[in-house]
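Next comes target_18.txt, a file with compact mmCIF, C-alpha atoms.
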# COMPACT_ATOMS: atom_id res chain seq x y z
CA MET A 1 97.21 115.51 106.81
CA ILE A 2 100.62 113.77 106.74
CA ASP A 3 102.30 116.76 108.38
CA PHE A 4 99.81 116.56 111.25
CA ILE A 5 100.40 112.81 111.66
CA LYS A 6 104.19 113.17 111.58
CA ASP A 7 104.12 115.97 114.12
CA LEU A 8 101.70 114.07 116.35
CA ALA A 9 103.84 110.92 116.28
CA LYS A 10 106.94 112.95 117.12
CA ARG A 11 105.23 114.72 120.01
CA ALA A 12 103.83 111.42 121.29
CA GLY A 13 107.37 110.04 121.13
CA ASP A 14 108.56 112.97 123.22
CA LYS A 15 105.75 112.25 125.68
CA SER A 16 106.86 108.63 125.99
CA LEU A 17 110.39 109.74 126.87
CA GLU A 18 109.01 111.41 130.00
CA TYR A 19 108.43 107.87 131.31
CA PHE A 20 111.28 105.96 129.65
CA GLY A 21 113.62 104.47 132.25
CA LYS A 22 111.53 105.89 135.09
CA LEU A 23 108.80 103.31 135.67
CA SER A 24 108.40 101.43 138.93
CA ASP A 25 106.91 97.95 139.31
CA SER A 26 103.60 99.50 140.37
CA ASP A 27 103.44 101.42 137.07
CA VAL A 28 103.20 98.17 135.07
CA SER A 29 100.54 95.47 135.05
CA GLY A 30 99.38 92.49 132.99
CA LYS A 31 96.42 92.51 130.63
CA ALA A 32 94.80 89.29 129.37
CA THR A 33 97.87 87.37 130.58
CA LYS A 34 100.83 88.24 132.80
CA LYS A 35 103.03 88.15 129.69
CA ASP A 36 101.08 90.93 127.97
CA LEU A 37 102.03 94.19 129.68
CA VAL A 38 100.55 97.66 129.94
CA SER A 39 102.10 100.64 131.70
CA ILE A 40 100.95 104.06 132.82
CA ALA A 41 102.96 105.40 129.88
CA ASP A 42 100.88 103.43 127.35
CA LYS A 43 97.71 104.98 128.73
CA ALA A 44 99.10 108.51 129.01
CA VAL A 45 100.53 108.53 125.50
CA GLU A 46 97.33 107.15 123.99
CA GLN A 47 95.22 109.74 125.78
CA PHE A 48 97.53 112.49 124.51
CA ILE A 49 97.21 111.25 120.92
CA ILE A 50 93.42 110.92 121.07
CA THR A 51 93.03 114.36 122.63
CA GLU A 52 95.07 115.96 119.84
CA ILE A 53 93.15 114.09 117.12
CA LYS A 54 89.78 115.06 118.57
CA LYS A 55 90.79 118.73 118.69
CA ARG A 56 91.35 118.68 114.95
CA TYR A 57 89.01 115.93 113.73
CA PRO A 58 86.21 115.62 116.32
CA ASP A 59 83.98 113.49 114.08
CA HIS A 60 86.60 110.87 113.22
CA GLY A 61 86.57 107.42 114.79
CA VAL A 62 89.42 106.14 116.95
CA PHE A 63 90.69 102.61 117.64
CA GLY A 64 93.37 102.58 120.33
CA GLU A 65 95.05 99.60 121.91
CA GLU A 66 94.24 100.73 125.43
CA SER A 67 90.91 102.52 124.98
CA GLY A 68 89.31 100.39 122.27
CA ARG A 69 86.98 101.72 119.56
CA SER A 70 84.97 104.91 119.76
CA ASP A 71 81.55 105.18 118.17
CA SER A 72 81.57 107.16 114.92
CA ASP A 73 79.74 107.15 111.60
CA SER A 74 82.76 108.71 109.89
CA PRO A 75 84.58 106.71 107.20
CA TYR A 76 87.80 107.92 108.86
CA CYS A 77 89.27 105.97 111.76
CA TRP A 78 92.56 106.57 113.58
CA VAL A 79 94.32 103.35 114.58
CA ILE A 80 96.77 103.87 117.43
CA ASP A 81 99.37 101.84 119.25
CA PRO A 82 100.72 104.29 121.84
CA ILE A 83 103.74 102.17 122.70
CA ASP A 84 104.40 99.18 120.48
CA GLY A 85 106.96 97.09 122.29
CA THR A 86 105.82 97.70 125.87
CA GLN A 87 107.99 94.84 127.16
CA ASN A 88 111.02 96.63 125.72
CA PHE A 89 109.85 100.00 126.99
CA VAL A 90 109.40 98.97 130.62
CA ASN A 91 112.92 97.50 130.60
CA SER A 92 114.49 100.64 129.06
CA HIS A 93 115.18 98.84 125.78
CA PRO A 94 115.28 101.31 122.86
CA PHE A 95 113.26 99.22 120.39
CA TYR A 96 109.77 100.58 120.92
CA CYS A 97 107.68 103.03 118.94
CA ILE A 98 104.51 105.02 118.59
CA SER A 99 102.33 103.91 115.67
CA ILE A 100 99.54 106.11 114.29
CA ALA A 101 97.56 105.30 111.15
CA LEU A 102 94.56 106.94 109.51
CA PHE A 103 92.16 104.54 107.82
CA TYR A 104 89.49 105.48 105.30
CA ASN A 105 86.72 102.95 104.68
CA GLY A 106 88.86 100.23 106.23
CA SER A 107 92.13 100.90 104.40
CA PRO A 108 95.17 102.85 105.62
CA ILE A 109 95.78 106.12 103.79
CA ALA A 110 98.41 107.77 105.99
CA GLY A 111 100.56 106.81 108.93
CA SER A 112 103.66 107.43 110.98
CA ILE A 113 105.90 105.32 113.19
CA CYS A 114 108.16 107.15 115.62
CA ALA A 115 110.97 105.32 117.43
CA PRO A 116 112.14 108.17 119.67
CA VAL A 117 115.16 106.55 121.33
CA LEU A 118 116.41 105.39 117.92
CA GLY A 119 115.84 108.85 116.46
CA LYS A 120 113.73 107.48 113.60
CA LEU A 121 110.52 108.91 112.20
CA PHE A 122 108.86 106.86 109.45
CA TYR A 123 105.83 108.06 107.55
CA ALA A 124 103.80 107.23 104.47
CA GLU A 125 100.83 108.52 102.54
CA LYS A 126 98.85 106.43 100.08
CA GLY A 127 100.15 106.92 96.56
CA LYS A 128 103.01 109.18 97.68
CA GLY A 129 105.64 106.75 98.98
CA ALA A 130 107.19 105.93 102.34
CA PHE A 131 109.95 107.90 104.02
CA GLU A 132 112.30 107.91 106.99
CA ASN A 133 113.46 111.32 108.18
CA GLY A 134 112.89 112.65 104.66
CA LYS A 135 114.58 109.77 102.79
CA LYS A 136 112.41 107.79 100.38
CA LEU A 137 112.25 104.11 101.26
CA SER A 138 112.33 100.96 99.14
CA VAL A 139 112.03 97.35 100.20
CA SER A 140 114.96 94.97 99.91
CA VAL A 141 115.87 93.40 96.57
CA CYS A 142 116.66 90.07 98.29
CA HIS A 143 114.86 87.29 96.40
CA THR A 144 115.78 84.02 98.15
CA LEU A 145 115.15 82.67 101.65
CA ASP A 146 118.74 81.50 102.17
CA THR A 147 120.03 85.05 101.70
CA ALA A 148 117.20 86.72 103.62
CA SER A 149 117.20 88.36 107.04
CA VAL A 150 113.60 88.07 108.22
CA ALA A 151 112.02 89.40 111.40
CA THR A 152 109.30 87.82 113.48
CA GLY A 153 107.65 88.04 116.88
CA PHE A 154 105.77 85.85 119.31
CA ALA A 155 102.45 87.53 120.04
CA GLU A 156 100.82 84.11 120.21
CA LEU A 157 103.15 83.02 123.00
CA ARG A 158 102.18 86.07 125.08
CA GLN A 159 98.60 84.83 124.69
CA ASN A 160 99.66 81.34 125.85
CA ARG A 161 99.06 79.86 122.38
CA PRO A 162 102.42 78.31 121.36
CA GLU A 163 101.07 76.37 118.42
CA PRO A 164 101.30 76.67 115.48
CA THR A 165 103.72 79.60 116.00
CA LEU A 166 106.60 77.47 117.27
CA SER A 167 106.09 74.82 114.58
CA ARG A 168 106.18 77.48 111.86
CA PHE A 169 109.29 79.05 113.39
CA CYS A 170 111.14 75.75 113.56
CA LYS A 171 110.23 75.03 109.94
CA ILE A 172 111.29 78.34 108.38
CA ALA A 173 114.23 79.36 110.58
CA PRO A 174 116.74 76.86 109.08
CA MET A 175 115.86 78.13 105.57
CA LEU A 176 116.85 81.72 106.35
CA ARG A 177 120.18 83.49 106.55
CA ASP A 178 119.08 85.18 109.77
CA VAL A 179 116.07 85.70 112.01
CA LYS A 180 115.59 89.04 113.77
CA ARG A 181 113.55 89.45 116.96
CA CYS A 182 113.03 93.12 117.75
CA GLY A 183 109.95 93.08 119.97
CA SER A 184 107.90 95.62 118.02
CA ALA A 185 105.90 94.59 114.98
CA ALA A 186 105.54 98.23 113.91
CA ILE A 187 109.32 98.76 113.89
CA ASP A 188 109.74 95.43 112.10
CA LEU A 189 107.42 96.57 109.31
CA ALA A 190 109.11 99.98 109.10
CA PHE A 191 112.46 98.20 108.79
CA VAL A 192 111.07 96.03 105.99
CA ALA A 193 109.95 99.20 104.19
CA ALA A 194 113.45 100.63 104.65
CA GLY A 195 115.16 97.48 103.36
CA ILE A 196 116.86 96.92 106.74
CA TYR A 197 114.99 93.62 107.04
CA ASP A 198 114.19 91.57 103.95
CA GLY A 199 110.86 90.39 105.32
CA PHE A 200 108.61 89.84 108.31
CA TRP A 201 106.04 87.33 109.51
CA GLU A 202 103.95 86.99 112.65
CA GLU A 203 100.53 85.84 113.83
CA GLY A 204 98.34 86.84 116.73
CA LEU A 205 98.70 90.58 116.09
CA ALA A 206 96.03 93.28 116.21
CA LEU A 207 95.29 96.03 113.71
CA TYR A 208 96.89 98.70 115.90
CA ASP A 209 100.18 96.73 115.79
CA VAL A 210 100.38 96.85 112.00
CA GLY A 211 98.09 99.66 110.79
CA ALA A 212 100.83 102.15 109.92
CA GLY A 213 103.37 99.46 109.02
CA ILE A 214 101.15 97.95 106.32
CA LEU A 215 101.10 101.26 104.49
CA MET A 216 104.86 101.75 104.95
CA VAL A 217 105.65 98.45 103.28
CA THR A 218 103.23 98.77 100.38
CA GLU A 219 104.27 102.36 99.67
CA ALA A 220 107.90 101.20 99.65
CA GLY A 221 107.15 98.68 96.90
CA GLY A 222 106.50 95.61 99.02
CA VAL A 223 103.44 93.47 99.61
CA VAL A 224 101.55 92.60 102.78
CA CYS A 225 99.36 89.49 102.89
CA ASP A 226 98.11 86.88 105.31
CA PHE A 227 99.43 83.32 105.62
CA ASN A 228 97.07 82.26 102.82
CA GLY A 229 98.29 84.93 100.43
CA LYS A 230 95.09 86.93 100.89
CA ASP A 231 94.25 90.21 102.62
CA ASP A 232 92.88 88.98 105.97
CA VAL A 233 95.59 90.92 107.81
CA PRO A 234 96.25 90.59 110.68
CA GLY A 235 93.47 88.09 111.42
CA SER A 236 95.11 85.26 109.49
CA GLY A 237 98.69 86.33 110.08
CA VAL A 238 100.99 88.91 108.50
CA ILE A 239 103.68 88.48 105.87
CA ALA A 240 105.56 91.51 104.53
CA ALA A 241 108.37 91.50 101.97
CA SER A 242 109.12 92.11 98.32
CA PRO A 243 106.54 90.40 96.09
CA GLU A 244 108.89 87.54 95.19
CA LEU A 245 110.15 86.89 98.70
CA ALA A 246 106.67 87.11 100.22
CA VAL A 247 105.59 84.10 98.13
CA GLN A 248 108.55 82.08 99.42
CA ILE A 249 107.94 83.05 103.04
CA ARG A 250 104.29 82.08 102.73
CA SER A 251 105.21 78.70 101.24
CA ALA A 252 107.76 78.03 103.97
CA LEU A 253 105.22 78.77 106.71
CA GLN A 254 102.71 76.18 105.53
CA LEU A 255 102.37 73.24 107.91
Would you write out, as structure tokens, the structure that this file holds?
Amino acid sequence: MIDFIKDLAKRAGDKSLEYFGKLSDSDVSGKATKKDLVSIADKAVEQFIITEIKKRYPDHGVFGEESGRSDSDSPYCWVIDPIDGTQNFVNSHPFYCISIALFYNGSPIAGSICAPVLGKLFYAEKGKGAFENGKKLSVSVCHTLDTASVATGFAELRQNRPEPTLSRFCKIAPMLRDVKRCGSAAIDLAFVAAGIYDGFWEEGLALYDVGAGILMVTEAGGVVCDFNGKDDVPGSGVIAASPELAVQIRSALQL
């Protein structure tokens, strides 16, 4: 299973490169708001992924960012973000990725995140750890906010909902050593799993943004919770970090 997912993510990454740096204005449009973009590449890559999954697992369900949910009675569901970081992608910025996760009865059991321009392939399987290009990953050992480099994003702003995102940001940012803004929640979570970032928080995300990343972080020894310290992720926000740092991030985000 994991070999299929890794290979599929890599091939989808290769597919995305056929469009990278080659899009015209007519190839890009807005979705719910003008700030939330979709390109012909998003749709082509998602269709490629779904076609390959259906060849091998025709009875499985699929939940893709662009195509929505398919009807299926199967306990298996593939959760797909064909290009996470579309804003970056359409501007030829290298921080975008393909995120593919397999859920079983509502929980992720395998997943891969491919950042093709960065040359990074992350993958994880429940109970078997998280890896990047064959190297086993572990979350950061940072334990305090003032020494932490923490990533975030502004999905709520793209949806024209600035509050409470901006209030939370202004509250926690001065407590941190550094704030990273990459533009792809999936890459952010993979970087937390790899210990590149000490933590991550964001609200306004969808399951396809974080499906694979949740598994990466937990398999690398971290925790993922919502802003209330519970498991309503991503509905009530997402916090990812080491167990100790996650508690501090959650406390700092309270308004």
For Leu17 (chain A): contacts at 10 Å, only C-alpha atoms, fewer than 5 positions along chain excluded, given as a PDB file with C-alpha atoms, in the frame of the given file:
ATOM      1  CA  ARG A  11     105.230 114.720 120.010  1.00  0.00           C
ATOM      2  CA  ALA A  12     103.830 111.420 121.290  1.00  0.00           C
ATOM      3  CA  LYS A  22     111.530 105.890 135.090  1.00  0.00           C
ATOM      4  CA  ALA A  41     102.960 105.400 129.880  1.00  0.00           C
ATOM      5  CA  PHE A  89     109.850 100.000 126.990  1.00  0.00           C
ATOM      6  CA  PRO A 116     112.140 108.170 119.670  1.00  0.00           C
ATOM      7  CA  VAL A 117     115.160 106.550 121.330  1.00  0.00           C
TER       8      VAL A 117
END
What's the separation between CA of Ala148 (chain A) and CA of Ala220 (chain A), in Å to one decimal place?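 Between these atoms lies a distance of 17.7 Å.
The coordinates place CA of Gly153 (chain A) at 13.9 Å from CA of Val192 (chain A).
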Which region 190-230 of chain A residues have any atom within 10 Å of an atom of region 162-173 of chain A, and for each, what is the nearest pair of atoms with distance in Å to one decimal, counting all atoms listed in the file, rows sorted by chain and number, as JSON lines?
{"residue": "A:Trp201", "atom": "CA", "partner": "A:Phe169", "partner_atom": "CA", "distance": 9.7}
{"residue": "A:Glu202", "atom": "CA", "partner": "A:Thr165", "partner_atom": "CA", "distance": 8.1}
{"residue": "A:Glu203", "atom": "CA", "partner": "A:Thr165", "partner_atom": "CA", "distance": 7.3}
{"residue": "A:Gly204", "atom": "CA", "partner": "A:Thr165", "partner_atom": "CA", "distance": 9.0}
Gly127 (chain A) surroundings by all atoms listed in the file, 10 Å radius, close-in-sequence under 4 positions cut, as a ChimeraX atom specification: /A:109-110,215,218-219
Can you work out which one of A:Leu37, A:Ala115, A:Cys142, A:Cys77 has the shortest atom-to-atom distance to Gln248 (chain A), counting all atoms listed in the file?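 The answer is A:Cys142, which sits nearest to Gln248 (chain A).
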If you count all atoms listed in the file, which residues fall within 8 Å of Phe63 (chain A), apart from same-chain ones fewer than 2 positions away, as a PDB file with C-alpha atoms, keeping the file's coordinate frame?
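Here's the written file part_24.pdb:
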ATOM      1  CA  GLY A  61      86.570 107.420 114.790  1.00  0.00           C
ATOM      2  CA  GLU A  65      95.050  99.600 121.910  1.00  0.00           C
ATOM      3  CA  SER A  67      90.910 102.520 124.980  1.00  0.00           C
ATOM      4  CA  GLY A  68      89.310 100.390 122.270  1.00  0.00           C
ATOM      5  CA  ARG A  69      86.980 101.720 119.560  1.00  0.00           C
ATOM      6  CA  SER A  70      84.970 104.910 119.760  1.00  0.00           C
ATOM      7  CA  CYS A  77      89.270 105.970 111.760  1.00  0.00           C
ATOM      8  CA  TRP A  78      92.560 106.570 113.580  1.00  0.00           C
ATOM      9  CA  VAL A  79      94.320 103.350 114.580  1.00  0.00           C
ATOM     10  CA  ILE A  80      96.770 103.870 117.430  1.00  0.00           C
ATOM     11  CA  TYR A 208      96.890  98.700 115.900  1.00  0.00           C
TER      12      TYR A 208
END
Can you list, as a ChimeraX atom specification, every protein, DNA or RNA residue that comes within 12 Å of Tyr19 (chain A) when you count all atoms listed in the file, leaving out same-chain residues fewer than 5 positions away? /A:12-14,24,27-28,39-45,83,86,89-92
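Counting only C-alpha atoms and comparing A:Thr147, A:Gln87, A:Ser99, A:Asn160, the residue that lies closest to Phe20 (chain A) is A:Gln87.
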Starting from the incomplete input, reconstruct N, CA and C atoms of region 18-32 of chain A and write that as a JSON list (two decimals), keeping the file's coordinate frame.
[["chain", "number", "residue", "atom", "x", "y", "z"],
["A", 18, "GLU", "N", 109.20, 110.93, 128.63],
["A", 18, "GLU", "CA", 109.01, 111.41, 130.00],
["A", 18, "GLU", "C", 108.95, 110.24, 130.99],
["A", 19, "TYR", "N", 108.58, 109.06, 130.47],
["A", 19, "TYR", "CA", 108.43, 107.87, 131.31],
["A", 19, "TYR", "C", 109.56, 106.86, 131.11],
["A", 20, "PHE", "N", 110.29, 106.98, 130.02],
["A", 20, "PHE", "CA", 111.28, 105.96, 129.65],
["A", 20, "PHE", "C", 112.39, 105.88, 130.70],
["A", 21, "GLY", "N", 112.59, 104.67, 131.24],
["A", 21, "GLY", "CA", 113.62, 104.47, 132.25],
["A", 21, "GLY", "C", 113.23, 104.94, 133.64],
["A", 22, "LYS", "N", 111.96, 105.32, 133.82],
["A", 22, "LYS", "CA", 111.53, 105.89, 135.09],
["A", 22, "LYS", "C", 110.36, 105.14, 135.73],
["A", 23, "LEU", "N", 109.96, 104.03, 135.15],
["A", 23, "LEU", "CA", 108.80, 103.31, 135.67],
["A", 23, "LEU", "C", 109.17, 102.44, 136.86],
["A", 24, "SER", "N", 108.25, 102.36, 137.81],
["A", 24, "SER", "CA", 108.40, 101.43, 138.93],
["A", 24, "SER", "C", 107.53, 100.20, 138.67],
["A", 25, "ASP", "N", 107.70, 99.17, 139.49],
["A", 25, "ASP", "CA", 106.91, 97.95, 139.31],
["A", 25, "ASP", "C", 105.42, 98.25, 139.38],
["A", 26, "SER", "N", 105.02, 99.19, 140.21],
["A", 26, "SER", "CA", 103.60, 99.50, 140.37],
["A", 26, "SER", "C", 103.02, 100.24, 139.17],
["A", 27, "ASP", "N", 103.88, 100.71, 138.27],
["A", 27, "ASP", "CA", 103.44, 101.42, 137.07],
["A", 27, "ASP", "C", 103.12, 100.47, 135.92],
["A", 28, "VAL", "N", 103.35, 99.17, 136.13],
["A", 28, "VAL", "CA", 103.20, 98.17, 135.07],
["A", 28, "VAL", "C", 102.31, 97.05, 135.56],
["A", 29, "SER", "N", 101.41, 96.58, 134.69],
["A", 29, "SER", "CA", 100.54, 95.47, 135.05],
["A", 29, "SER", "C", 100.31, 94.57, 133.84],
["A", 30, "GLY", "N", 99.72, 93.40, 134.07],
["A", 30, "GLY", "CA", 99.38, 92.49, 132.99],
["A", 30, "GLY", "C", 98.00, 92.80, 132.45],
["A", 31, "LYS", "N", 97.75, 92.35, 131.23],
["A", 31, "LYS", "CA", 96.42, 92.51, 130.63],
["A", 31, "LYS", "C", 95.72, 91.15, 130.62],
["A", 32, "ALA", "N", 95.48, 90.59, 129.44],
["A", 32, "ALA", "CA", 94.80, 89.29, 129.37],
["A", 32, "ALA", "C", 95.64, 88.20, 130.03]]
